[in-house]
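**Q** Encoded as structure tokens, here's the structure I'll be asking about.
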Amino acid sequence: MNENPVKHIPELPSTHLLGTGTPMCAGCGGLEAVRQIYDLLGKNTVFVNAAGCMTLLAVYPFTPFRGSWLYTGMGCAPAGAQGVRDAMDILLAKNRMKAEDDLQVVVLSGDGSAYGMGLSATSAALERGLDFLYICYDNEGYGNTGQQYSGATPHGAATATSRGPRGFSGEKKDLFTIWAAHRPAYVATLIGAEPIDLAVKIEKARNLKGPRLLIALSPCPTGWDYDPRYTVEIGKLAVQTGIWPLKEYVNGRVTHTLIPEPRLPVEEYLRRQGRFAHLFSPGRNEGLLREIQARVDAYWASIDPGG
Ligand SMILES: Cc1ncc(C[n+]2csc(CCOP(=O)(O)OP(=O)(O)O)c2C)c(N)n1
Ligand code: SF4
Ligand SMILES: [Mg+2]
């Protein structure tokens, strides 16, 4: 008899990320996004993963995915993706691989790689027009090694390496614009807390050819210091305060896919996270709060009202 003997446990869809025993933190916003993305991409996917928190998902020779997985150093996932794509193209050309077995090549990296160590390898892959998807889950720091600052850390945030009363003195890089300047097929920002916007973008990206790059802001209870139950709420606040604009780049044009109206004060987002606690206690740092709000206001004042 082929029937499932355990009637009350539904069969997982064949594309579904298996949810058992991951060593990730509860409430991981990166995993929230990756799970949704994988449900849409399906099992004909090979992840090329740069060292970071997501690397903990795979314990050789097992992964929680039904597709494939390749692990690389932090600086070279796009080069690894090129090798995988080339190998499959050769096998397809020689009829040693069936077209239906072809895999979507997907780089999965943290911000430490995407904004920093892997940036030149990404630039080179874009120059070559590599047919791949790049997903950066951006938790704004080197999470896996204790949340040191990265090129994605926002101004004023406390990290393991920026502990002073003003937090991180640098600026979050504008990776969306850096990537878009290469004129790839698609670039988008997204977040797990806005699943419809995420789904539309993944659907769009997977139906295009060439380099397609996505940055998912990934609330990180451990590195951002908040209770894991608030991951979705904090993700929504990132969008509603305008600190994380949801947008896409296609054919040389940038369009905002969700414009927060009314836009909440950025403080609503900052005060929920321990990494910004020094802005509110022992006294309010009005100067720095004004500075952060002014940057967000300037961004929204600068965008084309139609986009
Ligand atoms: C060249 C190199 N330097 C340092 C490390 C150690 N290391 C492993 S994971 C990691 C943090 C990566 O940060 P990010 O890419 O943001 O991913 P996250 O850990 O936040 O998921 C570091 C520094 C490494 N693997 N390779
Ligand atoms: S440190 Fe942050 S990104 Fe890494 S597993 Fe934990 S919650 Fe996720
Ligand atoms: Mg990170």
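Identifiers in the structure tokens: chain A, B, ... in order shown; residue index from 1 per chain; ligand index from 1 in order shown.
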Taking only C-alpha atoms and all ligand atoms and a cut-off of 7 Å, can you tell me which residues surround ligand 1, written as a list in words?
**A** Ala51, Gly52, Cys53, Met54, Gly73, Met74, Gly75, Ser109, Gly110, Asp111, Gly112, Ser113, Ala114, Asp138, Asn139, Glu140, Gly141, Tyr142, Gly143, Asn144, Thr145, Gln147 and Ser150 of chain A
**Q** At a cut-off of 7 Å around ligand 2, and using only C-alpha atoms and all ligand atoms, what residues come up? Please write them as a list in words.
**A** Met24, Cys25, Ala26, Gly27, Cys28, Gly29, Gly30, Leu31, Cys53, Met54, Asn139, Gly143, Asn144, Ser218, Cys220, Pro221, Thr222 and Gly223 of chain A
**Q** So that I can check the surroundings of range 82-93 of chain A, please list as a ChimeraX atom specification every protein, DNA and RNA residue that reaches within 7 Å of it, counting only C-alpha atoms and ignoring chain neighbours fewer than 4 positions away.
**A** /A:78,97-99,105,130
**Q** Name all residues at most 10 Å from Glu32 in chain A (count only C-alpha atoms; drop same-chain ones fewer than 5 positions away) and give them as a VMD selection string.
**A** chain A and resid 27 37 137 191 to 193 195 216 218 to 219 231 to 232
**Q** From a DSSP pass on the backbone, collect the residues of range 110-149 of chain A flagged as helix (DSSP H, G or I) and hand them back as a PDB file with N, CA, C and O atoms, in the first residue's frame.
**A**
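Writing the result to selection07.pdb gives the following:
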ATOM      1  N   ASP A 111      25.587  39.808   4.013  1.00  0.00           N
ATOM      2  CA  ASP A 111      26.034  41.146   3.613  1.00  0.00           C
ATOM      3  C   ASP A 111      27.555  41.283   3.705  1.00  0.00           C
ATOM      4  O   ASP A 111      28.159  42.035   2.938  1.00  0.00           O
ATOM      5  N   GLY A 112      28.175  40.543   4.625  1.00  0.00           N
ATOM      6  CA  GLY A 112      29.639  40.625   4.727  1.00  0.00           C
ATOM      7  C   GLY A 112      30.283  40.278   3.402  1.00  0.00           C
ATOM      8  O   GLY A 112      31.230  40.933   2.952  1.00  0.00           O
ATOM      9  N   SER A 113      29.751  39.260   2.736  1.00  0.00           N
ATOM     10  CA  SER A 113      30.239  38.889   1.408  1.00  0.00           C
ATOM     11  C   SER A 113      29.733  39.848   0.348  1.00  0.00           C
ATOM     12  O   SER A 113      30.501  40.371  -0.451  1.00  0.00           O
ATOM     13  N   ALA A 114      28.415  40.079   0.335  1.00  0.00           N
ATOM     14  CA  ALA A 114      27.821  40.844  -0.766  1.00  0.00           C
ATOM     15  C   ALA A 114      28.321  42.286  -0.809  1.00  0.00           C
ATOM     16  O   ALA A 114      28.626  42.812  -1.874  1.00  0.00           O
ATOM     17  N   TYR A 115      28.395  42.932   0.368  1.00  0.00           N
ATOM     18  CA  TYR A 115      28.787  44.348   0.406  1.00  0.00           C
ATOM     19  C   TYR A 115      30.308  44.511   0.476  1.00  0.00           C
ATOM     20  O   TYR A 115      30.818  45.620   0.333  1.00  0.00           O
ATOM     21  N   GLY A 116      31.021  43.409   0.786  1.00  0.00           N
ATOM     22  CA  GLY A 116      32.452  43.544   1.038  1.00  0.00           C
ATOM     23  C   GLY A 116      33.291  42.531   0.285  1.00  0.00           C
ATOM     24  O   GLY A 116      33.631  42.725  -0.886  1.00  0.00           O
ATOM     25  N   MET A 117      33.575  41.411   0.963  1.00  0.00           N
ATOM     26  CA  MET A 117      34.564  40.468   0.430  1.00  0.00           C
ATOM     27  C   MET A 117      34.230  39.927  -0.953  1.00  0.00           C
ATOM     28  O   MET A 117      35.119  39.628  -1.731  1.00  0.00           O
ATOM     29  N   LEU A 119      32.406  41.487  -3.329  1.00  0.00           N
ATOM     30  CA  LEU A 119      31.920  42.515  -4.264  1.00  0.00           C
ATOM     31  C   LEU A 119      32.654  42.488  -5.603  1.00  0.00           C
ATOM     32  O   LEU A 119      32.036  42.630  -6.662  1.00  0.00           O
ATOM     33  N   SER A 120      33.964  42.259  -5.582  1.00  0.00           N
ATOM     34  CA  SER A 120      34.670  42.276  -6.872  1.00  0.00           C
ATOM     35  C   SER A 120      34.325  41.035  -7.689  1.00  0.00           C
ATOM     36  O   SER A 120      34.186  41.112  -8.912  1.00  0.00           O
ATOM     37  N   ALA A 121      34.129  39.883  -7.012  1.00  0.00           N
ATOM     38  CA  ALA A 121      33.724  38.679  -7.757  1.00  0.00           C
ATOM     39  C   ALA A 121      32.326  38.860  -8.346  1.00  0.00           C
ATOM     40  O   ALA A 121      32.023  38.368  -9.440  1.00  0.00           O
ATOM     41  N   THR A 122      31.472  39.602  -7.628  1.00  0.00           N
ATOM     42  CA  THR A 122      30.122  39.859  -8.158  1.00  0.00           C
ATOM     43  C   THR A 122      30.208  40.778  -9.363  1.00  0.00           C
ATOM     44  O   THR A 122      29.558  40.548 -10.396  1.00  0.00           O
ATOM     45  N   SER A 123      31.021  41.823  -9.242  1.00  0.00           N
ATOM     46  CA  SER A 123      31.175  42.773 -10.337  1.00  0.00           C
ATOM     47  C   SER A 123      31.653  42.041 -11.598  1.00  0.00           C
ATOM     48  O   SER A 123      31.149  42.279 -12.707  1.00  0.00           O
ATOM     49  N   ALA A 124      32.602  41.116 -11.412  1.00  0.00           N
ATOM     50  CA  ALA A 124      33.132  40.378 -12.563  1.00  0.00           C
ATOM     51  C   ALA A 124      32.057  39.472 -13.169  1.00  0.00           C
ATOM     52  O   ALA A 124      31.940  39.362 -14.395  1.00  0.00           O
ATOM     53  N   ALA A 125      31.250  38.836 -12.323  1.00  0.00           N
ATOM     54  CA  ALA A 125      30.183  37.962 -12.839  1.00  0.00           C
ATOM     55  C   ALA A 125      29.154  38.793 -13.614  1.00  0.00           C
ATOM     56  O   ALA A 125      28.625  38.355 -14.639  1.00  0.00           O
ATOM     57  N   LEU A 126      28.891  40.012 -13.136  1.00  0.00           N
ATOM     58  CA  LEU A 126      27.944  40.895 -13.839  1.00  0.00           C
ATOM     59  C   LEU A 126      28.515  41.322 -15.183  1.00  0.00           C
ATOM     60  O   LEU A 126      27.805  41.363 -16.195  1.00  0.00           O
ATOM     61  N   GLU A 127      29.804  41.616 -15.182  1.00  0.00           N
ATOM     62  CA  GLU A 127      30.470  41.987 -16.439  1.00  0.00           C
ATOM     63  C   GLU A 127      30.353  40.864 -17.468  1.00  0.00           C
ATOM     64  O   GLU A 127      30.178  41.109 -18.659  1.00  0.00           O
ATOM     65  N   GLY A 143      27.180  38.332  11.200  1.00  0.00           N
ATOM     66  CA  GLY A 143      26.383  37.677  12.233  1.00  0.00           C
ATOM     67  C   GLY A 143      27.010  36.402  12.772  1.00  0.00           C
ATOM     68  O   GLY A 143      27.063  36.173  13.982  1.00  0.00           O
ATOM     69  N   ASN A 144      27.487  35.580  11.865  1.00  0.00           N
ATOM     70  CA  ASN A 144      27.967  34.251  12.249  1.00  0.00           C
ATOM     71  C   ASN A 144      29.167  34.311  13.193  1.00  0.00           C
ATOM     72  O   ASN A 144      29.412  33.384  13.958  1.00  0.00           O
ATOM     73  N   THR A 145      29.901  35.404  13.152  1.00  0.00           N
ATOM     74  CA  THR A 145      31.090  35.505  14.000  1.00  0.00           C
ATOM     75  C   THR A 145      30.890  36.514  15.133  1.00  0.00           C
ATOM     76  O   THR A 145      31.857  36.957  15.745  1.00  0.00           O
TER      77      THR A 145
END
**Q** Within 7 Å of Val106 in chain A, counting only C-alpha atoms, which residues show up once you throw out same-chain ones fewer than 2 positions away? Write them as a PyMOL selection string, please.
**A** chain A and resi 45-48+104+108+132-134
**Q** May I have the residues within 6 Å of Thr241 in chain A as a list in words, using only C-alpha atoms and disregarding those fewer than 5 positions away in the same chain?
**A**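 Answer for this query is Arg263, Leu264, Pro265 and Val266 of chain A.
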**Q** Considering only C-alpha atoms, state which residue in the set A:Pro282, A:Gly252, A:Gly67, A:Pro154 is at the smallest distance from Trp179 in chain A.
**A**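 That would be A:Gly252, the residue with the smallest distance to Trp179 in chain A.
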**Q** Considering only strand (DSSP E) as DSSP defines it on the backbone, what residues of range 99-278 of chain A qualify? List them as a ChimeraX atom specification.
**A** /A:104-110,132-138,186-191,211-217,246-250,253-258
**Q** My list of candidates is A:Pro184, A:Pro23, A:Gly235, A:Gly151. Which is closest to ligand 3 when distances are computed with only C-alpha atoms and all ligand atoms?
**A**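 Nearest to ligand 3: A:Gly151.
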**Q** Please determine, counting only C-alpha atoms, which residue among A:Val59, A:Leu190, A:Ala185, A:Leu237 has the shortest atom-to-atom distance to Gly129 in chain A.
**A**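 Ranked by minimum distance to Gly129 in chain A, first place goes to A:Ala185.
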**Q** Do you have the CA of Lys172 in chain A-CA of Gly156 in chain A distance handy?
**A**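 Atom-to-atom, CA of Lys172 in chain A to CA of Gly156 in chain A, that is 10.1 Å.
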**Q** Considering only C-alpha atoms, state which residue in the set A:Lys94, A:Arg66, A:His182, A:His155 is at the smallest distance from Leu270 in chain A.
**A**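 For Leu270 in chain A, the nearest of the candidates is A:His155.
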